[in-house]
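In what follows, a structure is listed as structure tokens, so that the remarks can point back to it.
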Amino acid sequence: MISNVVVRLKWLRRKLSRSHWAARLLGIRPPPGEAEQPGLILLQIDGLSRPQFEHALESGKMPFLARLIHRRHFTVESFYSGVPSTTPSVQAELFHGVRNAVPAFQFLHRATGKVLRMYDGEAAAAIEAELSARGNDPLLKEGSAYSDIYRAGASRSRYCSQDLAPDEILRRLHPFKTLLICLAYAPTILRMAGLALLECGIAVIDAVKGLRHHEHAVPEIAFIPARVVVCCLLREAVRFQVLLDIERGAPVVHANFLGYDEQAHRRGPGSAFAHWTLKGIDRAIRDIYRAAGHCRYRDYELAVHSDHGQQHTVPYEVKHGRDLEAALKDVFSTGPLSGHGIWTSNLPERLGHALDQIRRMLGMKPSATPPIGAPDPARQIVVAAMGPLGHLYFPDKIAAADSQSYATRLVAKAGVPLVLWRDPGGIVHAFNRRGRWTLPEHRAEVLGAGHPFLAEAATDLARLCAHPDAGDLVISGWDPDGPALSFPLENGAHCGPGPEETHGFLLLPDRIRRWHLSHLPRTGLRVRGEDLRKIALHFLGRDGPREERVPHLPARGPDLPLRVMTYNIHSCVGIDGKARPERVARVINHFDPDLVAVQEVDAHRPRSGHHDQSQRIADHLRMEHVFHAMFEEQKERYGIAIFSRRPFTLVKSGFLTLAAPRLFRETRGAIWVKLEFDDRPPVHFINTHFGLGRDERRIQAEELLGKDWLGSIPENEAVILCGDFNSSPRSVPCRLIRNRLRDAQESLPGHVPQATFSSLKPFIRIDHVFVSRHFEVDRVEIPDTPTALLASDHLPLCVELTLHPATAPR
């Protein structure tokens with residue numbers, strides 16, 4: 001009854017939600033019925049390293065994600081970006097399955113002679129065309145992409161590098177509908193206006209602080225509107241678009257939140273200004289998570305990841321008192337390249353990126369070329385150094401000895417921390433203050449022994465030097481013995497091989513994580529873009545049959561505690577109104593039980609999708625099972641079941657009381673199985689489900705304690721009785737049973753008994769595990785993960801038992 005009320009209230013809440021009505025006004029409706037395949041929403045927090053993410057959780061900047069992690073809905077894993085640690089490279093690997101697609105965020109495209117910046121639409125389109133030519137299935141096919149570099153086959157994309165069209169909402173809305181949506185979203189609009197004003201105030205303070213620290217005045221002032229747009233307006237626009245996609249029932253969505261990355265570049269990855277933006281991103285993720293859970297058309301799972309981290313850096317110009325261009329002119333003033341000029345891009349790249357985001361939101365074309373003109377690769381030394389990784393392209397081929405000489409001078413004379421050169425034989429040489437090395441062999445000397453992905457990062461760095469568009473020399477600001485440098489004026493940077501810039505994070509829900517732990521090879525307990533791609537494609541059912549079964553867990557040893565669970569699964573119909581046996585199986589498997597007693601199990605009933613629920617759950621758990629029907633009508637059945645990892649013998653299944661339709665009473669019964677052990681007495685396990693009436697529950701308890709059931713079990717054999725008794729601990733049935741057996745929750749010292757019903761707000765203890773004197777109760781757990789709260793109107797009761805020494809094997 002309570003669960004039906006909750007389902008109706010959730011339905012009403014969804015029907016009255018603003019996003020639901022906004023979608024209707026925009027003509028957005030999901031297809032009829034329910035989708036066979038689940039949906040996946042991937043949310044990217046750009047530039048947030050795992051160390052900074054964990055700091056944000058601890059400091060309360062991301063309370064919603066912290067709560068989901070604490071309740072074990074998400075598990076935090078390390079995400080390795082690869083080298084270069086930049087969004088175009090990571091997203092190429094994630095969306096198209098191609099590693100090291102680009103050598104940096106900015107580089108010389110040798111085939112065309114153009115310097116490409118990957119937030120430019122033409123550059124992104126050209127690289128994506130090359131990626132698509134490889135024939136891999138684009139991840140976002142028939143889905144949506146927001147604020148990404150690539151479209152990845154998406155049928156809808158907004159605020160991406162290639163997007164020039166005005167926003168879909170502006171094209172669709174009728175003036176009257178616009179007024180209705182504005183009225184419905186008036187609180188949100190006012191909140192956004194307030195946040196925008198607050199961001200303006202913080203941005204002004206930020207700019208003043210920057211000027212006091214002798215930062216350049218023009219970028220500081222120009223960054224104020226960019227900060228408001230990227231950190232506030234763009235975030236809210238992306239959030240709203242994803243909410244519309246959920247109403248639409250899109251199969252896959254990827255959205256990128258840029259605010260933290262932009263702030264971290266300006267003030268540093270650990271700055272208060274950068275971490276302030278995470279509060280708004282956390283709220284946006286909360287809204288998307290809740291909307292996904294309310295979707296009737298498609299079952300969504302949500303994963304959160306960062307593409308890379310950021311390294312705290314010192315600008316090259318601050319460190320050495322001159323910019324990189326001046327230092328390079330000094331280095332190349334002698335030798336075979338002394339007669340060539342040097343081309344560098346003096347555009348404040350971070351500001352240009354932020355301003356391009358503003359242009360995309362307004363439907364304007366982003367800037368296409370640097371303001372200082374195109375380079376001439378045949379006559380100039382072209383320098384592409386946007387961030388802590390740069391490429392030097394020579395107009396002429398020079399001897400190997402000259403390349404080594406220039407690399408040595410860049411370290412010694414120009415103060416570049418690391419220079420890489422690939423010789424004609426394919427060997428990658430690394431030059432730093434420690435000496436001259438080769439990669440990947442001397443990885444510790446180049447990257448530092450404490451790097452979290454040492455071997456892989458060294459291999460990727462060597463592979464980067466072999467990229468067709470890599471420079472003749474590659475320069476890096478990474479120094480294992482000192483502060484990292486970045487060649488532009490920025491206090492946080494990424495693109496290089498540093499330990500934080502390559503160390504992102506990944507939050508996977510339990511439903512997805514269990515498959516990937518079982519089926520993907522684990523390399524240093526990390527996931528990279530191609531791994532996340534495989535996980536997503538499998539979950540979406542696009543790489544063959546989707547495997548939903550939980551991982552195989554072998555039976556626990558006879559000397560280990562026995563794990564027992566009782567769970568009223570409510571016909572596998574959750575409080576969201578959806579019948580999902582697989583979801584119940586995941587809740588059960590979370591405790592890794594040996595024995596499971598479940599109640600309210602359907603078989604072939606229309607209300608629960610005609611599933612044989614006990615069989616489907618057993619298949620998912622890879623456990624033996626027995627089912628006993630309390631109700632049968634043609635093919636439809638309804639009853640209770642037992643699942644076991646250990647071999648068992650069915651002793652008895654039968655009725656305790658029969659149905660009394662005039663009194664609105666159902667047939668009630670029990671299942672009794674026996675587990676045999678080689679070196680100890682058997683264990684009897686009984687599952688039951690009592691009725692709702694006071695008198696019938698007393699009769700059922702007396703019948704269960706009689707000579708046909710518990711009364712026939714010898715005193716020297718262990719007994720476990722569990723189920724949904726619909727009776728509180730002080731009730732007559734429970735008092736009768738405690739004359740023979742002990743209440744497990746009351747038998748654990750220091751444990752306060754907990755309620756199991758209802759799952760949303762437990763207020764009464766009606767699910768019980770009773771054990772004989774032969775057992776010691778080691779642990780009691782009532783899982784309250786988001787999945788457990790959703791899967792049924794009851795919470796499972798889990799108990800860990802050890803046979804008392806008096807009955808243990810000798």
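Residue numbers start at 1 in each chain; chains themselves are named A, B, ... in the order of the structure tokens; ligands are numbered from 1 in the order shown.
When the distance limit is 7 Å and only C-alpha atoms are what count, the residues near segment 540-542 of chain A, minus those fewer than 5 positions from it on the same chain, are Gln37, Pro38 and Gly39 of chain A.
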Would you write out those residues with N, CA, C and O atoms, as a PDB file, in the first residue's frame?
ATOM      1  N   GLN A  37      16.577  -1.227 -24.222  1.00  0.00           N
ATOM      2  CA  GLN A  37      17.947  -1.008 -23.781  1.00  0.00           C
ATOM      3  C   GLN A  37      18.006   0.152 -22.788  1.00  0.00           C
ATOM      4  O   GLN A  37      17.246   1.113 -22.901  1.00  0.00           O
ATOM      5  N   PRO A  38      18.904   0.076 -21.810  1.00  0.00           N
ATOM      6  CA  PRO A  38      19.057   1.192 -20.865  1.00  0.00           C
ATOM      7  C   PRO A  38      19.743   2.368 -21.528  1.00  0.00           C
ATOM      8  O   PRO A  38      20.251   2.272 -22.660  1.00  0.00           O
ATOM      9  N   GLY A  39      19.767   3.496 -20.839  1.00  0.00           N
ATOM     10  CA  GLY A  39      20.451   4.684 -21.320  1.00  0.00           C
ATOM     11  C   GLY A  39      21.629   5.017 -20.434  1.00  0.00           C
ATOM     12  O   GLY A  39      21.700   4.617 -19.272  1.00  0.00           O
TER      13      GLY A  39
END
*If you count only C-alpha atoms, which residues fall within 8 Å of Arg528 of chain A, apart from same-chain ones fewer than 3 positions away, as a PyMOL selection string?*
chain A and resi 79-82+531-532
For the residues selected in the previous step, produce a file with N, CA, C and O atoms as a PDB file, in the first residue's frame.
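Resulting contents of again_14.pdb:
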ATOM      1  N   PHE A  79      41.293   7.615 -13.228  1.00  0.00           N
ATOM      2  CA  PHE A  79      41.183   7.705 -14.680  1.00  0.00           C
ATOM      3  C   PHE A  79      42.503   8.245 -15.214  1.00  0.00           C
ATOM      4  O   PHE A  79      42.938   9.331 -14.826  1.00  0.00           O
ATOM      5  N   TYR A  80      43.130   7.474 -16.084  1.00  0.00           N
ATOM      6  CA  TYR A  80      44.402   7.890 -16.675  1.00  0.00           C
ATOM      7  C   TYR A  80      44.135   8.522 -18.034  1.00  0.00           C
ATOM      8  O   TYR A  80      43.534   7.905 -18.914  1.00  0.00           O
ATOM      9  N   SER A  81      44.598   9.757 -18.214  1.00  0.00           N
ATOM     10  CA  SER A  81      44.281  10.513 -19.424  1.00  0.00           C
ATOM     11  C   SER A  81      45.105  10.099 -20.619  1.00  0.00           C
ATOM     12  O   SER A  81      44.691  10.304 -21.761  1.00  0.00           O
ATOM     13  N   GLY A  82      46.278   9.503 -20.376  1.00  0.00           N
ATOM     14  CA  GLY A  82      47.235   9.343 -21.457  1.00  0.00           C
ATOM     15  C   GLY A  82      48.020  10.628 -21.645  1.00  0.00           C
ATOM     16  O   GLY A  82      47.790  11.642 -20.981  1.00  0.00           O
ATOM     17  N   ASP A 531      39.042   2.137 -22.178  1.00  0.00           N
ATOM     18  CA  ASP A 531      38.338   1.240 -21.256  1.00  0.00           C
ATOM     19  C   ASP A 531      36.928   1.744 -20.985  1.00  0.00           C
ATOM     20  O   ASP A 531      35.964   0.974 -20.989  1.00  0.00           O
ATOM     21  N   LEU A 532      36.809   3.047 -20.733  1.00  0.00           N
ATOM     22  CA  LEU A 532      35.484   3.623 -20.491  1.00  0.00           C
ATOM     23  C   LEU A 532      34.604   3.482 -21.728  1.00  0.00           C
ATOM     24  O   LEU A 532      33.388   3.255 -21.615  1.00  0.00           O
TER      25      LEU A 532
END
*Would you work out the distance separating atom CA of Arg296 of chain A from atom CA of Ile281 of chain A, expressed in Å to one decimal?*
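Spanning atom CA of Arg296 of chain A to atom CA of Ile281 of chain A is a straight-line distance of 25.2 Å.
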_Neighbour list for Pro509 of chain A as a list in words, cut-off 8 Å, only C-alpha atoms, skip fewer than 4 positions in-chain_ =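 Contacts, with the query itself left out: His73, Phe74, Thr75, Glu301, Leu302, Ala303 and Arg513 of chain A.
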_Neighbouring residues of Arg151 of chain A were defined as those with any atom within 10 Å, considering only C-alpha atoms; residues of the same chain fewer than 5 positions away were excluded. Please report them as a VMD selection string._
chain A and resid 91 95 124 to 125 128 138 to 141 143 to 146 156 to 158 160 to 163 254
*Would you mind listing what lies within 10 Å of segment 568-570 of chain A as a list in words, with only C-alpha atoms counted and same-chain residues fewer than 5 positions away left out?*
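In the requested form, the answer reads Ser3, Ile575, Ala579, Pro581, Val584, Ala585, Ala597, Val598, Gln599, Glu600, Val601, Asp602, Ser608, Ile640, His689, Gly723, Asp724, Thr756, Phe757, Asp767, Ala791, Ser792, Asp793, His794, Leu795, Pro796 and Leu797 of chain A.
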*Check segment 351-542 of chain A with DSSP on the backbone and list each residue it calls strand (DSSP E or B), as JSON, numbers by chain.*
{"A": [380, 381, 382, 383, 384, 389, 390, 391, 392, 393, 418, 419, 420, 421, 422, 428, 429, 430, 431, 432, 435, 436, 437, 438, 439, 473, 474, 475, 476, 484, 485, 486, 492, 493, 503, 504, 505, 506, 507, 508, 509, 523, 526, 527, 528]}
*Rounded to one decimal in Å, what is the spacing between atom CA of Asp576 of chain A and atom CA of Gly293 of chain A?*
8.0 Å
_Selection: 9 Å around Pro647 of chain A, only C-alpha atoms, excl. self and same-chain fewer than 6 positions, as a list in words_ =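 After dropping sequence-adjacent residues, the list is Glu624, Lys674, Leu675 and Glu676 of chain A.
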12 Å contact set for Trp709 of chain A, only C-alpha atoms, chain neighbours under 2 positions out, as an mmCIF file with all heavy atoms, in the first residue's frame:
data_model
loop_
_atom_site.group_PDB
_atom_site.id
_atom_site.type_symbol
_atom_site.label_atom_id
_atom_site.label_comp_id
_atom_site.auth_asym_id
_atom_site.auth_seq_id
_atom_site.Cartn_x
_atom_site.Cartn_y
_atom_site.Cartn_z
ATOM 1 N N VAL A 651 13.647 -30.051 2.092
ATOM 2 C CA VAL A 651 12.995 -30.892 3.085
ATOM 3 C C VAL A 651 11.482 -30.799 2.942
ATOM 4 O O VAL A 651 10.768 -31.811 2.915
ATOM 5 C CB VAL A 651 13.434 -30.495 4.506
ATOM 6 C CG1 VAL A 651 12.711 -31.346 5.554
ATOM 7 C CG2 VAL A 651 14.944 -30.627 4.656
ATOM 8 N N LYS A 652 10.990 -29.555 2.801
ATOM 9 C CA LYS A 652 9.545 -29.393 2.777
ATOM 10 C C LYS A 652 9.193 -28.002 2.257
ATOM 11 O O LYS A 652 9.900 -27.027 2.520
ATOM 12 C CB LYS A 652 8.972 -29.572 4.190
ATOM 13 C CG LYS A 652 7.462 -29.485 4.291
ATOM 14 C CD LYS A 652 6.999 -29.738 5.708
ATOM 15 C CE LYS A 652 5.482 -29.712 5.803
ATOM 16 N NZ LYS A 652 5.020 -29.973 7.187
ATOM 17 N N SER A 653 8.105 -27.916 1.517
ATOM 18 C CA SER A 653 7.491 -26.635 1.180
ATOM 19 C C SER A 653 5.992 -26.833 1.279
ATOM 20 O O SER A 653 5.452 -27.827 0.770
ATOM 21 C CB SER A 653 7.883 -26.177 -0.223
ATOM 22 O OG SER A 653 7.447 -27.097 -1.198
ATOM 23 N N GLY A 654 5.326 -25.939 1.974
ATOM 24 C CA GLY A 654 3.900 -26.139 2.198
ATOM 25 C C GLY A 654 3.236 -24.902 2.750
ATOM 26 O O GLY A 654 3.848 -23.838 2.907
ATOM 27 N N PHE A 655 1.950 -25.070 3.067
ATOM 28 C CA PHE A 655 1.151 -23.953 3.550
ATOM 29 C C PHE A 655 1.043 -23.989 5.071
ATOM 30 O O PHE A 655 0.967 -25.047 5.692
ATOM 31 C CB PHE A 655 -0.252 -24.014 2.944
ATOM 32 C CG PHE A 655 -0.261 -24.015 1.441
ATOM 33 C CD1 PHE A 655 -1.056 -24.913 0.728
ATOM 34 C CD2 PHE A 655 0.530 -23.115 0.735
ATOM 35 C CE1 PHE A 655 -1.059 -24.901 -0.657
ATOM 36 C CE2 PHE A 655 0.524 -23.103 -0.644
ATOM 37 C CZ PHE A 655 -0.263 -24.004 -1.346
ATOM 38 N N LEU A 656 1.022 -22.791 5.659
ATOM 39 C CA LEU A 656 0.766 -22.645 7.091
ATOM 40 C C LEU A 656 -0.713 -22.344 7.329
ATOM 41 O O LEU A 656 -1.304 -22.855 8.278
ATOM 42 C CB LEU A 656 1.637 -21.522 7.663
ATOM 43 C CG LEU A 656 3.149 -21.700 7.506
ATOM 44 C CD1 LEU A 656 3.872 -20.474 8.044
ATOM 45 C CD2 LEU A 656 3.640 -22.961 8.210
ATOM 46 N N GLY A 669 2.734 -19.619 3.573
ATOM 47 C CA GLY A 669 3.454 -20.870 3.727
ATOM 48 C C GLY A 669 4.921 -20.662 4.023
ATOM 49 O O GLY A 669 5.347 -19.573 4.422
ATOM 50 N N ALA A 670 5.707 -21.719 3.802
ATOM 51 C CA ALA A 670 7.133 -21.682 4.120
ATOM 52 C C ALA A 670 7.876 -22.681 3.246
ATOM 53 O O ALA A 670 7.278 -23.610 2.678
ATOM 54 C CB ALA A 670 7.365 -21.982 5.595
ATOM 55 N N ILE A 671 9.191 -22.483 3.118
ATOM 56 C CA ILE A 671 10.104 -23.417 2.452
ATOM 57 C C ILE A 671 11.186 -23.796 3.460
ATOM 58 O O ILE A 671 11.732 -22.939 4.155
ATOM 59 C CB ILE A 671 10.777 -22.805 1.213
ATOM 60 C CG1 ILE A 671 9.761 -22.211 0.258
ATOM 61 C CG2 ILE A 671 11.629 -23.845 0.500
ATOM 62 C CD1 ILE A 671 10.403 -21.537 -0.936
ATOM 63 N N TRP A 672 11.515 -25.083 3.487
ATOM 64 C CA TRP A 672 12.521 -25.611 4.423
ATOM 65 C C TRP A 672 13.546 -26.387 3.611
ATOM 66 O O TRP A 672 13.212 -27.334 2.898
ATOM 67 C CB TRP A 672 11.803 -26.491 5.441
ATOM 68 C CG TRP A 672 12.656 -27.262 6.391
ATOM 69 C CD1 TRP A 672 14.003 -27.209 6.577
ATOM 70 C CD2 TRP A 672 12.190 -28.244 7.313
ATOM 71 N NE1 TRP A 672 14.410 -28.060 7.547
ATOM 72 C CE2 TRP A 672 13.315 -28.715 8.028
ATOM 73 C CE3 TRP A 672 10.920 -28.757 7.624
ATOM 74 C CZ2 TRP A 672 13.204 -29.708 9.017
ATOM 75 C CZ3 TRP A 672 10.820 -29.724 8.598
ATOM 76 C CH2 TRP A 672 11.946 -30.195 9.295
ATOM 77 N N VAL A 673 14.821 -25.947 3.701
ATOM 78 C CA VAL A 673 15.911 -26.677 3.050
ATOM 79 C C VAL A 673 16.958 -27.031 4.099
ATOM 80 O O VAL A 673 17.031 -26.412 5.168
ATOM 81 C CB VAL A 673 16.553 -25.855 1.910
ATOM 82 C CG1 VAL A 673 15.526 -25.490 0.853
ATOM 83 C CG2 VAL A 673 17.250 -24.603 2.432
ATOM 84 N N HIS A 684 19.618 -26.146 9.099
ATOM 85 C CA HIS A 684 18.274 -26.046 8.551
ATOM 86 C C HIS A 684 17.947 -24.575 8.300
ATOM 87 O O HIS A 684 18.136 -23.729 9.176
ATOM 88 C CB HIS A 684 17.261 -26.648 9.523
ATOM 89 C CG HIS A 684 17.492 -28.108 9.788
ATOM 90 N ND1 HIS A 684 16.899 -29.111 9.069
ATOM 91 C CD2 HIS A 684 18.281 -28.734 10.720
ATOM 92 C CE1 HIS A 684 17.295 -30.293 9.529
ATOM 93 N NE2 HIS A 684 18.132 -30.089 10.536
ATOM 94 N N PHE A 685 17.437 -24.293 7.117
ATOM 95 C CA PHE A 685 17.143 -22.917 6.712
ATOM 96 C C PHE A 685 15.690 -22.847 6.248
ATOM 97 O O PHE A 685 15.279 -23.581 5.330
ATOM 98 C CB PHE A 685 18.085 -22.494 5.577
ATOM 99 C CG PHE A 685 17.965 -21.056 5.172
ATOM 100 C CD1 PHE A 685 18.433 -20.034 5.989
ATOM 101 C CD2 PHE A 685 17.396 -20.700 3.947
ATOM 102 C CE1 PHE A 685 18.334 -18.705 5.610
ATOM 103 C CE2 PHE A 685 17.297 -19.376 3.558
ATOM 104 C CZ PHE A 685 17.764 -18.374 4.398
ATOM 105 N N ILE A 686 14.906 -21.976 6.886
ATOM 106 C CA ILE A 686 13.475 -21.885 6.620
ATOM 107 C C ILE A 686 13.122 -20.440 6.265
ATOM 108 O O ILE A 686 13.513 -19.495 6.968
ATOM 109 C CB ILE A 686 12.637 -22.353 7.823
ATOM 110 C CG1 ILE A 686 12.973 -23.817 8.144
ATOM 111 C CG2 ILE A 686 11.147 -22.193 7.544
ATOM 112 C CD1 ILE A 686 12.284 -24.339 9.385
ATOM 113 N N ASN A 687 12.374 -20.291 5.168
ATOM 114 C CA ASN A 687 11.895 -18.985 4.713
ATOM 115 C C ASN A 687 10.377 -18.973 4.789
ATOM 116 O O ASN A 687 9.711 -19.923 4.373
ATOM 117 C CB ASN A 687 12.350 -18.747 3.268
ATOM 118 C CG ASN A 687 11.783 -17.466 2.678
ATOM 119 O OD1 ASN A 687 11.444 -16.533 3.395
ATOM 120 N ND2 ASN A 687 11.681 -17.425 1.349
ATOM 121 N N THR A 688 9.809 -17.868 5.309
ATOM 122 C CA THR A 688 8.356 -17.779 5.416
ATOM 123 C C THR A 688 7.886 -16.352 5.190
ATOM 124 O O THR A 688 8.692 -15.397 5.206
ATOM 125 C CB THR A 688 7.883 -18.267 6.801
ATOM 126 O OG1 THR A 688 6.454 -18.335 6.818
ATOM 127 C CG2 THR A 688 8.345 -17.319 7.902
ATOM 128 N N GLN A 700 -0.075 -18.880 12.279
ATOM 129 C CA GLN A 700 1.064 -19.255 11.427
ATOM 130 C C GLN A 700 2.323 -19.500 12.256
ATOM 131 O O GLN A 700 3.081 -20.443 11.990
ATOM 132 C CB GLN A 700 1.306 -18.153 10.391
ATOM 133 C CG GLN A 700 0.222 -18.099 9.317
ATOM 134 C CD GLN A 700 0.067 -16.744 8.661
ATOM 135 O OE1 GLN A 700 0.858 -15.827 8.901
ATOM 136 N NE2 GLN A 700 -0.970 -16.585 7.824
ATOM 137 N N ALA A 701 2.539 -18.695 13.289
ATOM 138 C CA ALA A 701 3.683 -18.920 14.161
ATOM 139 C C ALA A 701 3.555 -20.241 14.902
ATOM 140 O O ALA A 701 4.536 -21.001 15.028
ATOM 141 C CB ALA A 701 3.829 -17.760 15.143
ATOM 142 N N GLU A 702 2.369 -20.528 15.414
ATOM 143 C CA GLU A 702 2.164 -21.782 16.133
ATOM 144 C C GLU A 702 2.355 -22.985 15.204
ATOM 145 O O GLU A 702 2.949 -23.994 15.596
ATOM 146 C CB GLU A 702 0.764 -21.803 16.746
ATOM 147 C CG GLU A 702 0.586 -20.811 17.890
ATOM 148 C CD GLU A 702 -0.857 -20.709 18.355
ATOM 149 O OE1 GLU A 702 -1.746 -21.219 17.622
ATOM 150 O OE2 GLU A 702 -1.104 -20.115 19.419
ATOM 151 N N GLU A 703 1.866 -22.878 13.974
ATOM 152 C CA GLU A 703 2.035 -23.962 13.002
ATOM 153 C C GLU A 703 3.510 -24.186 12.675
ATOM 154 O O GLU A 703 3.981 -25.321 12.580
ATOM 155 C CB GLU A 703 1.253 -23.631 11.736
ATOM 156 C CG GLU A 703 1.323 -24.689 10.655
ATOM 157 C CD GLU A 703 0.587 -25.964 11.010
ATOM 158 O OE1 GLU A 703 -0.288 -25.928 11.905
ATOM 159 O OE2 GLU A 703 0.900 -27.014 10.395
ATOM 160 N N LEU A 704 4.242 -23.090 12.530
ATOM 161 C CA LEU A 704 5.659 -23.183 12.185
ATOM 162 C C LEU A 704 6.469 -23.801 13.319
ATOM 163 O O LEU A 704 7.453 -24.516 13.083
ATOM 164 C CB LEU A 704 6.187 -21.785 11.848
ATOM 165 C CG LEU A 704 7.502 -21.677 11.074
ATOM 166 C CD1 LEU A 704 7.431 -22.424 9.752
ATOM 167 C CD2 LEU A 704 7.840 -20.216 10.822
ATOM 168 N N LEU A 705 6.051 -23.543 14.558
ATOM 169 C CA LEU A 705 6.761 -24.104 15.718
ATOM 170 C C LEU A 705 6.311 -25.538 16.028
ATOM 171 O O LEU A 705 6.924 -26.197 16.877
ATOM 172 C CB LEU A 705 6.519 -23.221 16.938
ATOM 173 C CG LEU A 705 7.169 -21.826 16.886
ATOM 174 C CD1 LEU A 705 6.579 -20.935 17.966
ATOM 175 C CD2 LEU A 705 8.677 -21.936 17.058
ATOM 176 N N GLY A 706 5.288 -26.040 15.339
ATOM 177 C CA GLY A 706 4.731 -27.356 15.627
ATOM 178 C C GLY A 706 5.565 -28.497 15.096
ATOM 179 O O GLY A 706 6.632 -28.327 14.494
ATOM 180 N N LYS A 707 5.009 -29.711 15.292
ATOM 181 C CA LYS A 707 5.743 -30.938 15.011
ATOM 182 C C LYS A 707 6.014 -31.147 13.522
ATOM 183 O O LYS A 707 6.907 -31.928 13.154
ATOM 184 C CB LYS A 707 4.975 -32.140 15.555
ATOM 185 C CG LYS A 707 3.559 -32.303 14.991
ATOM 186 C CD LYS A 707 2.856 -33.481 15.620
ATOM 187 C CE LYS A 707 1.420 -33.614 15.099
ATOM 188 N NZ LYS A 707 1.382 -33.845 13.638
ATOM 189 N N GLY A 711 9.379 -28.161 15.171
ATOM 190 C CA GLY A 711 9.307 -29.142 16.250
ATOM 191 C C GLY A 711 9.908 -30.475 15.907
ATOM 192 O O GLY A 711 10.190 -31.287 16.803
ATOM 193 N N SER A 712 10.139 -30.749 14.631
ATOM 194 C CA SER A 712 10.706 -32.040 14.226
ATOM 195 C C SER A 712 12.226 -32.009 14.080
ATOM 196 O O SER A 712 12.836 -33.037 13.781
ATOM 197 C CB SER A 712 10.079 -32.473 12.897
ATOM 198 O OG SER A 712 10.436 -31.558 11.861
ATOM 199 N N ILE A 713 12.843 -30.852 14.269
ATOM 200 C CA ILE A 713 14.297 -30.731 14.101
ATOM 201 C C ILE A 713 14.990 -31.073 15.409
ATOM 202 O O ILE A 713 14.648 -30.505 16.467
ATOM 203 C CB ILE A 713 14.681 -29.306 13.656
ATOM 204 C CG1 ILE A 713 14.015 -28.966 12.308
ATOM 205 C CG2 ILE A 713 16.194 -29.156 13.541
ATOM 206 C CD1 ILE A 713 14.248 -27.547 11.835
ATOM 207 N N PRO A 714 15.981 -31.983 15.416
ATOM 208 C CA PRO A 714 16.691 -32.328 16.657
ATOM 209 C C PRO A 714 17.370 -31.122 17.277
ATOM 210 O O PRO A 714 17.792 -30.191 16.580
ATOM 211 C CB PRO A 714 17.727 -33.358 16.188
ATOM 212 C CG PRO A 714 17.178 -33.901 14.901
ATOM 213 C CD PRO A 714 16.432 -32.776 14.268
ATOM 214 N N VAL A 719 19.552 -24.122 13.290
ATOM 215 C CA VAL A 719 18.361 -23.659 12.591
ATOM 216 C C VAL A 719 18.466 -22.157 12.326
ATOM 217 O O VAL A 719 18.879 -21.384 13.207
ATOM 218 C CB VAL A 719 17.077 -23.939 13.402
ATOM 219 C CG1 VAL A 719 15.854 -23.365 12.685
ATOM 220 C CG2 VAL A 719 16.904 -25.426 13.640
ATOM 221 N N LEU A 721 15.745 -19.320 10.814
ATOM 222 C CA LEU A 721 14.387 -19.016 10.371
ATOM 223 C C LEU A 721 14.330 -17.541 10.003
ATOM 224 O O LEU A 721 14.705 -16.684 10.814
ATOM 225 C CB LEU A 721 13.374 -19.324 11.471
ATOM 226 C CG LEU A 721 11.938 -18.809 11.253
ATOM 227 C CD1 LEU A 721 11.297 -19.482 10.044
ATOM 228 C CD2 LEU A 721 11.099 -19.013 12.513
#
*With only C-alpha atoms as the basis for distance, which of A:Arg134, A:Thr87, A:Ala104, A:Arg235 is at the shortest distance from Tyr159 of chain A?*
A:Arg235
*Using only C-alpha atoms: which of A:Gln404, A:Thr667, A:Asn589, A:Thr112 has the shortest distance to Phe643 of chain A*: A:Asn589
*Kindly give the distance, in Å, that separates atom CA of Arg586 of chain A and atom CA of Ala291 of chain A, rounded to a single decimal.*
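One can read the atom CA of Arg586 of chain A to atom CA of Ala291 of chain A distance as 21.7 Å.
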*Nearest to His308 of chain A by atom-to-atom distance, counting only C-alpha atoms, from A:Cys722, A:Val527, A:Leu42, A:Ile764*: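 Going through A:Cys722, A:Val527, A:Leu42, A:Ile764 one by one, the smallest distance to His308 of chain A is for A:Val527.
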